[in-house]
$ cat coords_7.cif   # mmCIF, C-alpha atoms and all ligand atoms
data_input
loop_
_atom_site.label_atom_id
_atom_site.label_comp_id
_atom_site.auth_asym_id
_atom_site.auth_seq_id
_atom_site.Cartn_x
_atom_site.Cartn_y
_atom_site.Cartn_z
CA MET A 1 89.59 82.17 126.48
CA ASN A 2 92.53 84.27 127.58
CA LEU A 3 92.39 87.47 125.53
CA PRO A 4 95.39 89.81 125.64
CA VAL A 5 95.08 93.05 127.63
CA ILE A 6 94.86 96.16 125.50
CA GLY A 7 97.75 98.55 126.08
CA ALA A 8 97.63 102.33 126.37
CA ILE A 9 96.11 104.01 123.34
CA ASP A 10 98.38 106.73 121.95
CA ALA A 11 97.14 110.20 121.06
CA PRO A 12 95.24 110.38 117.74
CA LEU A 13 97.55 110.94 114.81
CA MET A 14 96.67 113.98 112.69
CA LEU A 15 96.64 113.29 108.95
CA GLU A 16 99.12 116.11 108.33
CA ASN A 17 101.65 114.50 110.70
CA ILE A 18 101.73 111.18 108.86
CA PRO A 19 104.29 112.02 106.11
CA ALA A 20 106.83 113.46 108.59
CA LEU A 21 106.50 110.42 110.86
CA GLN A 22 106.84 108.09 107.88
CA ASP A 23 110.04 109.91 106.86
CA GLU A 24 111.35 109.50 110.42
CA VAL A 25 110.49 105.78 110.35
CA ARG A 26 112.29 105.24 107.03
CA ALA A 27 115.39 107.15 108.25
CA LEU A 28 115.49 105.18 111.53
CA ALA A 29 115.05 101.87 109.68
CA GLU A 30 118.02 102.71 107.49
CA GLU A 31 120.15 103.79 110.44
CA ARG A 32 119.34 100.58 112.37
CA GLY A 33 119.68 98.28 109.30
CA ALA A 34 116.11 97.12 109.89
CA VAL A 35 113.52 95.66 107.55
CA ILE A 36 109.87 96.52 108.26
CA LEU A 37 107.43 93.66 107.61
CA ALA A 38 103.69 94.36 107.82
CA HIS A 39 100.60 92.17 107.65
CA ASN A 40 97.77 92.99 105.21
CA TYR A 41 95.50 94.02 108.13
CA GLN A 42 97.80 96.78 109.37
CA LEU A 43 96.74 100.45 109.32
CA PRO A 44 97.17 102.06 105.86
CA GLU A 45 99.95 104.39 107.06
CA ILE A 46 101.90 101.37 108.36
CA GLN A 47 101.40 99.37 105.16
CA ASP A 48 102.59 102.36 103.11
CA VAL A 49 105.88 102.68 105.03
CA ALA A 50 106.73 98.95 105.21
CA ASP A 51 109.39 97.20 103.09
CA TYR A 52 107.05 94.28 102.54
CA VAL A 53 103.32 93.80 103.14
CA GLY A 54 101.87 90.31 102.92
CA ASP A 55 100.04 87.33 104.37
CA SER A 56 101.37 85.06 107.11
CA LEU A 57 103.09 82.74 104.65
CA GLY A 58 104.74 85.55 102.67
CA LEU A 59 105.86 87.24 105.89
CA SER A 60 107.48 84.03 107.20
CA GLN A 61 109.26 83.59 103.87
CA ARG A 62 110.46 87.21 103.88
CA ALA A 63 111.66 86.93 107.48
CA ALA A 64 113.56 83.73 106.66
CA GLY A 65 115.20 85.31 103.60
CA THR A 66 116.14 88.77 104.85
CA SER A 67 119.74 89.89 105.21
CA ALA A 68 118.78 92.75 107.57
CA GLY A 69 120.06 92.45 111.16
CA THR A 70 116.77 93.66 112.66
CA ILE A 71 113.20 92.73 111.70
CA VAL A 72 110.46 95.05 112.90
CA PHE A 73 107.23 93.11 112.77
CA CYS A 74 104.06 95.13 112.26
CA GLY A 75 101.58 92.39 112.99
CA VAL A 76 100.61 90.32 116.01
CA HIS A 77 102.79 88.54 118.54
CA PHE A 78 102.74 85.01 117.06
CA MET A 79 104.02 86.44 113.75
CA ALA A 80 107.00 88.10 115.47
CA GLU A 81 107.64 84.82 117.32
CA THR A 82 107.66 82.96 114.00
CA ALA A 83 110.26 85.42 112.68
CA SER A 84 112.35 84.88 115.84
CA VAL A 85 112.11 81.09 115.43
CA LEU A 86 113.21 81.31 111.78
CA CYS A 87 115.96 83.87 112.44
CA PRO A 88 117.41 83.09 115.88
CA ASP A 89 120.45 85.31 115.30
CA LYS A 90 118.46 88.40 114.34
CA GLN A 91 116.85 91.01 116.53
CA VAL A 92 113.05 90.83 116.15
CA LEU A 93 111.04 93.81 117.39
CA ILE A 94 107.30 94.35 117.72
CA PRO A 95 106.01 97.90 118.33
CA ASP A 96 103.42 96.73 120.91
CA LEU A 97 103.84 93.54 122.93
CA ASP A 98 100.11 93.42 123.71
CA ALA A 99 99.19 92.84 120.04
CA GLY A 100 97.89 89.30 120.60
CA CYS A 101 95.47 87.04 118.74
CA SER A 102 92.25 85.43 119.99
CA LEU A 103 92.78 82.47 117.67
CA ALA A 104 96.33 81.79 118.92
CA ASP A 105 94.91 81.98 122.46
CA SER A 106 92.34 79.27 121.71
CA ILE A 107 94.83 76.42 122.24
CA THR A 108 97.69 76.05 124.74
CA ALA A 109 100.63 73.64 124.57
CA ASP A 110 99.15 71.70 127.53
CA GLN A 111 95.82 71.32 125.77
CA LEU A 112 97.57 70.13 122.63
CA CYS A 113 99.62 67.57 124.61
CA HIS A 114 96.41 66.16 126.14
CA TRP A 115 94.77 65.99 122.72
CA LYS A 116 97.82 64.16 121.29
CA ALA A 117 97.79 61.71 124.21
CA SER A 118 94.22 60.71 123.33
CA HIS A 119 95.18 60.07 119.65
CA PRO A 120 98.58 58.31 119.72
CA GLY A 121 100.27 58.25 116.32
CA ALA A 122 98.13 61.06 114.86
CA VAL A 123 99.86 63.79 112.81
CA VAL A 124 99.43 67.32 114.21
CA VAL A 125 98.77 70.17 111.77
CA MET A 126 98.54 73.62 113.34
CA TYR A 127 97.76 76.94 111.73
CA VAL A 128 100.62 79.45 112.15
CA ASN A 129 98.25 81.46 114.38
CA THR A 130 99.60 79.62 117.44
CA THR A 131 102.25 80.29 120.08
CA ALA A 132 105.80 78.98 119.67
CA GLU A 133 105.11 76.50 122.52
CA VAL A 134 102.21 75.01 120.53
CA LYS A 135 104.36 74.88 117.38
CA ALA A 136 106.99 72.96 119.37
CA GLU A 137 104.37 70.17 119.82
CA THR A 138 103.32 70.27 116.13
CA ASP A 139 104.36 68.14 113.13
CA TYR A 140 103.37 70.55 110.33
CA CYS A 141 102.35 74.20 110.35
CA CYS A 142 100.05 75.64 107.71
CA THR A 143 98.55 79.00 106.77
CA SER A 144 95.28 79.77 105.01
CA ALA A 145 97.31 79.93 101.76
CA ASN A 146 98.57 76.34 101.96
CA ALA A 147 96.41 74.36 104.45
CA VAL A 148 94.92 72.11 101.75
CA LYS A 149 98.35 71.54 100.18
CA VAL A 150 99.91 70.60 103.53
CA VAL A 151 97.12 68.15 104.42
CA GLU A 152 97.18 66.56 100.94
CA HIS A 153 100.97 66.21 101.26
CA ILE A 154 100.51 64.31 104.54
CA TYR A 155 97.96 61.89 103.04
CA ARG A 156 100.29 61.32 100.06
CA GLU A 157 103.39 60.76 102.20
CA ARG A 158 101.90 58.89 105.15
CA GLY A 159 98.91 57.09 103.64
CA GLU A 160 95.25 57.80 102.98
CA ASN A 161 94.14 56.65 106.43
CA THR A 162 96.45 58.89 108.43
CA GLU A 163 94.76 60.37 111.49
CA ILE A 164 95.19 64.16 111.56
CA LEU A 165 94.69 66.55 114.48
CA PHE A 166 94.02 69.95 112.88
CA GLY A 167 93.78 73.22 114.78
CA PRO A 168 93.08 75.64 116.14
CA ASP A 169 90.64 77.19 113.63
CA MET A 170 87.46 75.17 113.13
CA PHE A 171 86.29 77.07 110.04
CA LEU A 172 89.62 76.55 108.25
CA GLY A 173 89.44 72.89 109.35
CA ALA A 174 85.93 72.53 107.86
CA TYR A 175 87.13 74.11 104.62
CA VAL A 176 90.10 71.70 104.39
CA GLU A 177 87.81 68.71 105.09
CA LYS A 178 85.36 69.82 102.41
CA THR A 179 88.14 70.38 99.85
CA THR A 180 90.03 67.14 100.49
CA GLY A 181 86.87 65.08 101.06
CA ARG A 182 88.40 63.57 104.23
CA ARG A 183 87.58 63.88 107.91
CA MET A 184 90.15 65.08 110.44
CA HIS A 185 89.91 65.77 114.17
CA VAL A 186 89.39 69.55 114.27
CA TRP A 187 89.94 71.77 117.34
CA ASP A 188 87.01 74.11 118.02
CA GLY A 189 88.96 77.41 118.16
CA GLU A 190 88.10 80.51 116.21
CA CYS A 191 89.20 84.06 115.50
CA HIS A 192 86.60 86.39 117.01
CA VAL A 193 86.87 88.78 114.02
CA HIS A 194 86.41 86.21 111.25
CA ALA A 195 83.88 84.11 113.17
CA GLY A 196 81.81 87.32 113.44
CA ILE A 197 81.33 87.44 109.65
CA ARG A 198 78.13 85.39 109.55
CA PRO A 199 75.97 83.81 106.82
CA ASP A 200 73.42 86.65 107.37
CA ASP A 201 76.08 89.23 106.41
CA ILE A 202 76.65 87.40 103.14
CA ALA A 203 72.91 87.20 102.44
CA ALA A 204 72.53 90.98 103.04
CA VAL A 205 75.53 92.05 100.98
CA ARG A 206 74.59 89.66 98.16
CA ALA A 207 71.14 91.25 97.96
CA GLU A 208 72.76 94.70 97.67
CA HIS A 209 75.42 93.66 95.14
CA PRO A 210 73.99 90.87 93.00
CA GLY A 211 76.56 89.42 90.63
CA GLY A 212 79.55 90.47 92.75
CA ASP A 213 82.44 88.06 93.20
CA PHE A 214 83.16 86.71 96.70
CA LEU A 215 86.62 86.80 98.25
CA ILE A 216 86.34 84.78 101.43
CA HIS A 217 88.98 84.09 104.03
CA PRO A 218 88.56 80.45 105.14
CA GLU A 219 88.65 81.51 108.83
CA CYS A 220 85.25 83.22 108.37
CA GLY A 221 82.07 82.07 110.09
CA CYS A 222 80.31 82.39 106.72
CA SER A 223 82.73 80.18 104.76
CA THR A 224 80.76 76.95 105.29
CA SER A 225 77.48 78.54 104.22
CA VAL A 226 79.01 80.01 101.05
CA MET A 227 80.38 76.55 100.14
CA GLU A 228 76.83 75.26 100.66
CA TYR A 229 75.39 77.98 98.34
CA VAL A 230 77.87 76.84 95.70
CA ALA A 231 77.06 73.14 96.22
CA SER A 232 73.32 73.84 95.86
CA GLY A 233 73.90 75.89 92.68
CA ASP A 234 72.55 79.01 94.42
CA VAL A 235 75.82 80.90 93.82
CA GLU A 236 78.03 80.50 90.73
CA SER A 237 81.19 78.65 91.78
CA ASP A 238 83.25 80.74 89.30
CA GLY A 239 82.71 83.88 91.36
CA VAL A 240 83.59 82.39 94.75
CA HIS A 241 87.22 82.48 95.82
CA MET A 242 88.34 81.06 99.18
CA LEU A 243 91.63 82.88 99.66
CA SER A 244 94.32 83.85 102.11
CA THR A 245 94.90 87.60 102.34
CA GLY A 246 97.81 87.21 99.89
CA GLY A 247 95.50 85.31 97.53
CA MET A 248 93.03 88.21 97.66
CA LEU A 249 95.76 90.60 96.55
CA ALA A 250 96.68 88.27 93.69
CA TYR A 251 92.97 88.27 92.65
CA ALA A 252 92.99 92.12 92.69
CA ARG A 253 96.12 92.28 90.51
CA GLU A 254 94.70 89.74 88.04
CA HIS A 255 91.45 91.68 87.62
CA ALA A 256 92.92 95.19 87.83
CA ASP A 257 91.80 96.07 84.28
CA GLN A 258 88.14 95.17 84.87
CA HIS A 259 85.26 97.08 86.48
CA ARG A 260 83.90 94.54 88.93
CA THR A 261 82.34 94.31 92.35
CA ALA A 262 84.03 92.02 94.86
CA ILE A 263 82.57 91.28 98.29
CA VAL A 264 85.41 90.87 100.77
CA ALA A 265 84.91 88.64 103.81
CA THR A 266 87.89 89.26 106.08
CA GLU A 267 89.32 91.93 108.40
CA THR A 268 88.65 95.35 106.85
CA GLY A 269 92.34 96.42 106.85
CA MET A 270 92.55 94.26 103.72
CA LEU A 271 90.57 96.82 101.71
CA HIS A 272 93.49 99.32 101.61
CA GLY A 273 95.82 97.04 99.66
CA LEU A 274 93.03 95.69 97.45
CA ARG A 275 91.90 99.19 96.42
CA GLN A 276 95.49 100.21 95.69
CA ALA A 277 96.03 97.08 93.57
CA ALA A 278 92.77 97.42 91.57
CA PRO A 279 91.37 100.98 91.76
CA ASP A 280 88.59 100.20 89.23
CA THR A 281 87.17 97.31 91.23
CA ASP A 282 84.49 98.09 93.81
CA PHE A 283 85.60 96.19 96.93
CA VAL A 284 82.77 95.93 99.46
CA ALA A 285 83.27 94.69 103.04
CA ALA A 286 81.01 91.73 103.90
CA ASN A 287 80.91 93.14 107.43
CA GLU A 288 82.20 96.68 108.14
CA ALA A 289 82.66 95.78 111.82
CA ALA A 290 85.27 93.08 111.09
CA HIS A 291 88.08 94.96 112.78
CA CYS A 292 90.99 93.31 114.63
CA ARG A 293 91.89 95.58 117.52
CA TYR A 294 95.12 93.67 118.10
CA MET A 295 96.38 94.35 114.57
CA LYS A 296 95.43 98.01 115.00
CA MET A 297 97.52 98.37 118.20
CA ILE A 298 100.53 98.89 115.93
CA THR A 299 100.57 102.62 115.22
CA LEU A 300 103.04 104.78 113.34
CA THR A 301 104.15 106.43 116.59
CA LYS A 302 104.82 103.05 118.23
CA LEU A 303 106.67 101.89 115.10
CA ARG A 304 108.87 105.01 115.27
CA ASP A 305 109.54 104.43 118.99
CA SER A 306 110.33 100.77 118.34
CA LEU A 307 112.98 101.67 115.76
CA ARG A 308 114.37 104.54 117.80
CA ASP A 309 114.57 102.72 121.14
CA GLY A 310 115.07 99.10 119.99
CA VAL A 311 111.85 97.92 121.68
CA HIS A 312 110.11 95.46 122.18
CA GLU A 313 112.25 92.44 121.53
CA VAL A 314 110.56 89.09 120.87
CA LYS A 315 112.96 86.22 121.51
CA VAL A 316 111.83 82.60 121.62
CA PRO A 317 114.04 80.53 123.96
CA PRO A 318 116.30 78.15 121.98
CA HIS A 319 114.85 74.92 123.48
CA ILE A 320 111.37 75.94 122.17
CA ALA A 321 112.60 77.59 118.96
CA ASP A 322 114.59 74.52 117.85
CA ARG A 323 111.44 72.36 118.01
CA ALA A 324 109.05 75.02 116.67
CA ARG A 325 111.26 75.57 113.61
CA ILE A 326 110.70 72.01 112.28
CA PRO A 327 106.95 72.30 111.46
CA ILE A 328 107.43 75.79 110.02
CA GLN A 329 110.26 74.64 107.76
CA ARG A 330 108.24 71.61 106.65
CA MET A 331 105.42 73.98 105.68
CA VAL A 332 107.71 76.38 103.81
CA ALA A 333 109.25 73.42 101.91
CA ILE A 334 105.76 72.26 100.77
CA SER A 335 104.59 75.79 99.73
P1 LIG B 401 96.60 85.23 106.23
O1 LIG B 401 97.59 84.15 106.42
O2 LIG B 401 95.63 84.94 105.14
O3 LIG B 401 97.27 86.54 106.09
O4 LIG B 401 95.66 85.33 107.52
C1 LIG B 401 96.20 85.33 108.76
C2 LIG B 401 95.38 86.02 109.73
O5 LIG B 401 94.23 85.82 109.92
C3 LIG B 401 96.08 86.96 110.51
O6 LIG B 401 95.24 87.54 111.35
FE1 LIG B 402 94.15 86.84 115.29
FE2 LIG B 402 91.81 87.17 114.13
FE3 LIG B 402 93.25 89.30 114.68
FE4 LIG B 402 94.03 87.62 112.75
S1 LIG B 402 92.20 88.88 112.74
S2 LIG B 402 95.30 88.50 114.37
S3 LIG B 402 93.35 85.65 113.55
S4 LIG B 402 92.39 87.89 116.18
#
$ encode --input "coords_7.cif" --output "structure tokens"
Amino acid sequence: MNLPVIGAIDAPLMLENIPALQDEVRALAEERGAVILAHNYQLPEIQDVADYVGDSLGLSQRAAGTSAGTIVFCGVHFMAETASVLCPDKQVLIPDLDAGCSLADSITADQLCHWKASHPGAVVVMYVNTTAEVKAETDYCCTSANAVKVVEHIYRERGENTEILFGPDMFLGAYVEKTTGRRMHVWDGECHVHAGIRPDDIAAVRAEHPGGDFLIHPECGCSTSVMEYVASGDVESDGVHMLSTGGMLAYAREHADQHRTAIVATETGMLHGLRQAAPDTDFVAANEAAHCRYMKMITLTKLRDSLRDGVHEVKVPPHIADRARIPIQRMVAIS
């Protein structure tokens, strides 16, 4: 697996310097006519200064709909590429070009072409956590928020026996297979952060917080075992929610007036937004070590520099972008 190289780490940011830097960021964004989009796993001080914070689907929709001339993407590289594909005439900036993704790195366009060649006629569904080159070889994109919907749409439109190549995340693939009750060909890629949240973590945190709800991202290594607990009647199905990061926020807003415990199986950056949305709910990380170092490469200082200096531009070449746009637009139309 080809993991991205980690760039220089900037000097630690003192808490007292955060408000002044945030003011500078907002002033520069206004001056440049830029919109700041941030993923739910970003550092709290980045989330708090962004125009919009959301999941991959929401971020793609915001990027597609913005009237701003510049989009500054506080997330990882494939997300900025998606914005560039959807908005070819806009300037798309990312504060650190090394903010990659181990899941996106788990399949290359060449590997996908070989896989397609061994299954002629199959429909290719790829998670948005892929490079633009992989998307250019894809029929439909999906995110964790709409993977089941996209696959069900394909069976409805193209027939029950359609052969589907699904990738690159094997845990999301297993979840979709379980939910639709149909087998697909699933690539064996994974996100190192989510795959690291194991069934043992769930067993330990369940013992400490009996009766807590579960909010589980379908990329997690524990997702299959939790579905098995539910199937065996060991865990109440009512309390188990398989959700995208945006779905977790919707859960928090819905239950904001209740004192509950919710065990959260995803990257720990998620806890900031959840606790803001429902301060009376006790959100507990299923695994405190679930930390994406690529997401955390985007710092407030780098965001300020990006806006001030117009760096680093992410531009997908038109011959790739024109083909990569089709599966993304199909996904957005279904969602
Ligand atoms: P969401 O689409 O649920 O935000 O998850 C994407 C992801 O894992 C980004 O790292
Ligand atoms: Fe990629 Fe995993 Fe990090 Fe998300 S959490 S950006 S899937 S490495």
$ closest_residue --input "coords_7.cif" --among "A:Ser144, A:Ala278, A:Ala324, A:Leu307" --to "A:Arg26" --atoms "only C-alpha atoms"
A:Leu307
$ closest_residue --input "coords_7.cif" --among "A:Ile36, A:Met242, A:Ile334, A:Pro199" --to "A:Val53" --atoms "only C-alpha atoms"
A:Ile36
$ residues_around --input "coords_7.cif" --residues "A:Val49" --least-positions-apart "6" --cutoff "10 Å" --atoms "only C-alpha atoms" --output "JSON, numbers by chain"
{"A": [19, 21, 22, 23, 25, 26, 36, 37, 38, 300]}
$ residues_near_ligand --input "coords_7.cif" --ligand "ligand LIG 401 (chain B)" --cutoff "9 Å" --atoms "only C-alpha atoms and all ligand atoms" --output "PyMOL selection string"
chain A and resi 39-41+54-59+75-76+79+101+103+127-129+142-145+191+193-194+217-219+243-248+266-267+292+295
$ residues_around --input "coords_7.cif" --residues "A:Ile202" --least-positions-apart "5" --cutoff "10 Å" --atoms "all atoms listed in the file" --output "number ranges by chain"
A: 197, 207-208, 214, 222-223, 225-226, 263-265, 285-287
$ atom_distance --input "coords_7.cif" --atom1 "atom CA of A:Thr301" --atom2 "atom CA of A:Thr82"
23.9 Å
$ atom_distance --input "coords_7.cif" --atom1 "atom CA of A:Glu163" --atom2 "atom CA of A:Ala104"
22.7 Å
$ closest_residue --input "coords_7.cif" --among "A:His259, A:His77, A:His185, A:Arg253" --to "A:Thr131" --atoms "only C-alpha atoms"
A:His77
$ closest_residue --input "coords_7.cif" --among "A:His192, A:Arg330, A:Arg323, A:Lys90" --to "ligand LIG 402 (chain B)" --atoms "all atoms listed in the file"
A:His192
$ residues_around --input "coords_7.cif" --residues "A:Gly181" --least-positions-apart "4" --cutoff "12 Å" --atoms "all atoms listed in the file" --output "list in words"
Val148, Val151, Glu152, Tyr155, Glu160, Gly173, Ala174, Tyr175, Val176 and Glu177 of chain A
$ atom_distance --input "coords_7.cif" --atom1 "atom CA of A:Thr224" --atom2 "atom CA of A:Glu236"
15.2 Å
$ closest_residue --input "coords_7.cif" --among "A:Pro327, A:Gly239, A:Pro318, A:Pro168" --to "ligand LIG 402 (chain B)" --atoms "all atoms listed in the file"
A:Pro168
$ closest_residue --input "coords_7.cif" --among "A:Leu86, A:Ala80, A:Ala147, A:Val205" --to "ligand LIG 402 (chain B)" --atoms "only C-alpha atoms and all ligand atoms"
A:Ala80
$ residues_around --input "coords_7.cif" --residues "A:Val186" --least-positions-apart "6" --cutoff "7 Å" --atoms "only C-alpha atoms" --output "PDB file with C-alpha atoms, keeping the file's coordinate frame"
ATOM      1  CA  LEU A 165      94.690  66.550 114.480  1.00  0.00           C
ATOM      2  CA  PHE A 166      94.020  69.950 112.880  1.00  0.00           C
ATOM      3  CA  GLY A 167      93.780  73.220 114.780  1.00  0.00           C
ATOM      4  CA  MET A 170      87.460  75.170 113.130  1.00  0.00           C
ATOM      5  CA  GLY A 173      89.440  72.890 109.350  1.00  0.00           C
TER       6      GLY A 173
END
$ residues_near_point --input "coords_7.cif" --point "(93.0, 101.8, 99.3)" --cutoff "12 Å" --atoms "all atoms listed in the file" --output "CSV table (one decimal) with C-alpha atoms, keeping the file's coordinate frame"
chain,number,residue,atom,x,y,z
A,40,ASN,CA,97.8,93.0,105.2
A,43,LEU,CA,96.7,100.4,109.3
A,44,PRO,CA,97.2,102.1,105.9
A,45,GLU,CA,100.0,104.4,107.1
A,47,GLN,CA,101.4,99.4,105.2
A,48,ASP,CA,102.6,102.4,103.1
A,249,LEU,CA,95.8,90.6,96.6
A,252,ALA,CA,93.0,92.1,92.7
A,268,THR,CA,88.6,95.4,106.8
A,269,GLY,CA,92.3,96.4,106.8
A,270,MET,CA,92.6,94.3,103.7
A,271,LEU,CA,90.6,96.8,101.7
A,272,HIS,CA,93.5,99.3,101.6
A,273,GLY,CA,95.8,97.0,99.7
A,274,LEU,CA,93.0,95.7,97.4
A,275,ARG,CA,91.9,99.2,96.4
A,276,GLN,CA,95.5,100.2,95.7
A,277,ALA,CA,96.0,97.1,93.6
A,278,ALA,CA,92.8,97.4,91.6
A,279,PRO,CA,91.4,101.0,91.8
A,280,ASP,CA,88.6,100.2,89.2
A,281,THR,CA,87.2,97.3,91.2
A,282,ASP,CA,84.5,98.1,93.8
A,283,PHE,CA,85.6,96.2,96.9
A,284,VAL,CA,82.8,95.9,99.5
$ decode --input "coords_7.cif" --residues "stretch 169-193 of chain A" --atoms "N, CA and C atoms" --output "short mmCIF file (atom, residue, chain, number, x, y, z; two decimals), in the first residue's frame"
data_model
loop_
_atom_site.label_atom_id
_atom_site.label_comp_id
_atom_site.auth_asym_id
_atom_site.auth_seq_id
_atom_site.Cartn_x
_atom_site.Cartn_y
_atom_site.Cartn_z
N ASP A 169 -13.71 -0.24 -0.21
CA ASP A 169 -13.76 -0.59 1.23
C ASP A 169 -14.52 -1.89 1.46
N MET A 170 -13.83 -2.90 2.01
CA MET A 170 -14.47 -4.21 2.18
C MET A 170 -15.52 -4.22 3.30
N PHE A 171 -15.34 -3.37 4.31
CA PHE A 171 -16.33 -3.39 5.40
C PHE A 171 -17.63 -2.71 4.94
N LEU A 172 -17.50 -1.62 4.19
CA LEU A 172 -18.70 -0.99 3.63
C LEU A 172 -19.38 -1.97 2.66
N GLY A 173 -18.57 -2.67 1.86
CA GLY A 173 -19.11 -3.67 0.92
C GLY A 173 -19.90 -4.75 1.67
N ALA A 174 -19.34 -5.24 2.79
CA ALA A 174 -20.01 -6.30 3.56
C ALA A 174 -21.34 -5.77 4.13
N TYR A 175 -21.31 -4.51 4.56
CA TYR A 175 -22.53 -3.90 5.10
C TYR A 175 -23.61 -3.79 4.02
N VAL A 176 -23.20 -3.37 2.82
CA VAL A 176 -24.17 -3.23 1.72
C VAL A 176 -24.73 -4.62 1.35
N GLU A 177 -23.87 -5.63 1.31
CA GLU A 177 -24.33 -6.98 0.97
C GLU A 177 -25.35 -7.47 2.00
N LYS A 178 -25.03 -7.23 3.27
CA LYS A 178 -25.92 -7.69 4.35
C LYS A 178 -27.27 -6.98 4.25
N THR A 179 -27.24 -5.67 3.96
CA THR A 179 -28.48 -4.89 3.94
C THR A 179 -29.33 -5.23 2.72
N THR A 180 -28.69 -5.42 1.57
CA THR A 180 -29.48 -5.69 0.36
C THR A 180 -29.78 -7.19 0.21
N GLY A 181 -29.05 -8.01 0.94
CA GLY A 181 -29.24 -9.47 0.84
C GLY A 181 -28.70 -10.03 -0.47
N ARG A 182 -27.79 -9.30 -1.13
CA ARG A 182 -27.23 -9.77 -2.41
C ARG A 182 -25.72 -9.73 -2.37
N ARG A 183 -25.10 -10.66 -3.09
CA ARG A 183 -23.64 -10.72 -3.14
C ARG A 183 -23.11 -9.84 -4.27
N MET A 184 -22.00 -9.16 -3.99
CA MET A 184 -21.30 -8.39 -5.04
C MET A 184 -19.85 -8.90 -5.06
N HIS A 185 -19.06 -8.44 -6.01
CA HIS A 185 -17.61 -8.66 -5.93
C HIS A 185 -17.07 -7.46 -5.15
N VAL A 186 -16.39 -7.71 -4.04
CA VAL A 186 -15.95 -6.60 -3.17
C VAL A 186 -14.43 -6.56 -3.11
N TRP A 187 -13.86 -5.40 -3.40
CA TRP A 187 -12.41 -5.18 -3.32
C TRP A 187 -11.98 -5.28 -1.85
N ASP A 188 -10.73 -5.73 -1.60
CA ASP A 188 -10.39 -5.94 -0.18
C ASP A 188 -9.58 -4.78 0.41
N GLY A 189 -9.95 -3.54 0.06
CA GLY A 189 -9.29 -2.36 0.64
C GLY A 189 -9.89 -2.00 1.99
N GLU A 190 -9.17 -1.16 2.71
CA GLU A 190 -9.69 -0.69 3.99
C GLU A 190 -9.04 0.63 4.36
N CYS A 191 -9.70 1.34 5.28
CA CYS A 191 -9.13 2.55 5.87
C CYS A 191 -8.43 2.09 7.14
N HIS A 192 -7.15 2.44 7.31
CA HIS A 192 -6.42 1.91 8.47
C HIS A 192 -7.02 2.40 9.79
N VAL A 193 -7.67 3.57 9.78
CA VAL A 193 -8.23 4.11 11.03
C VAL A 193 -9.50 3.32 11.42
#
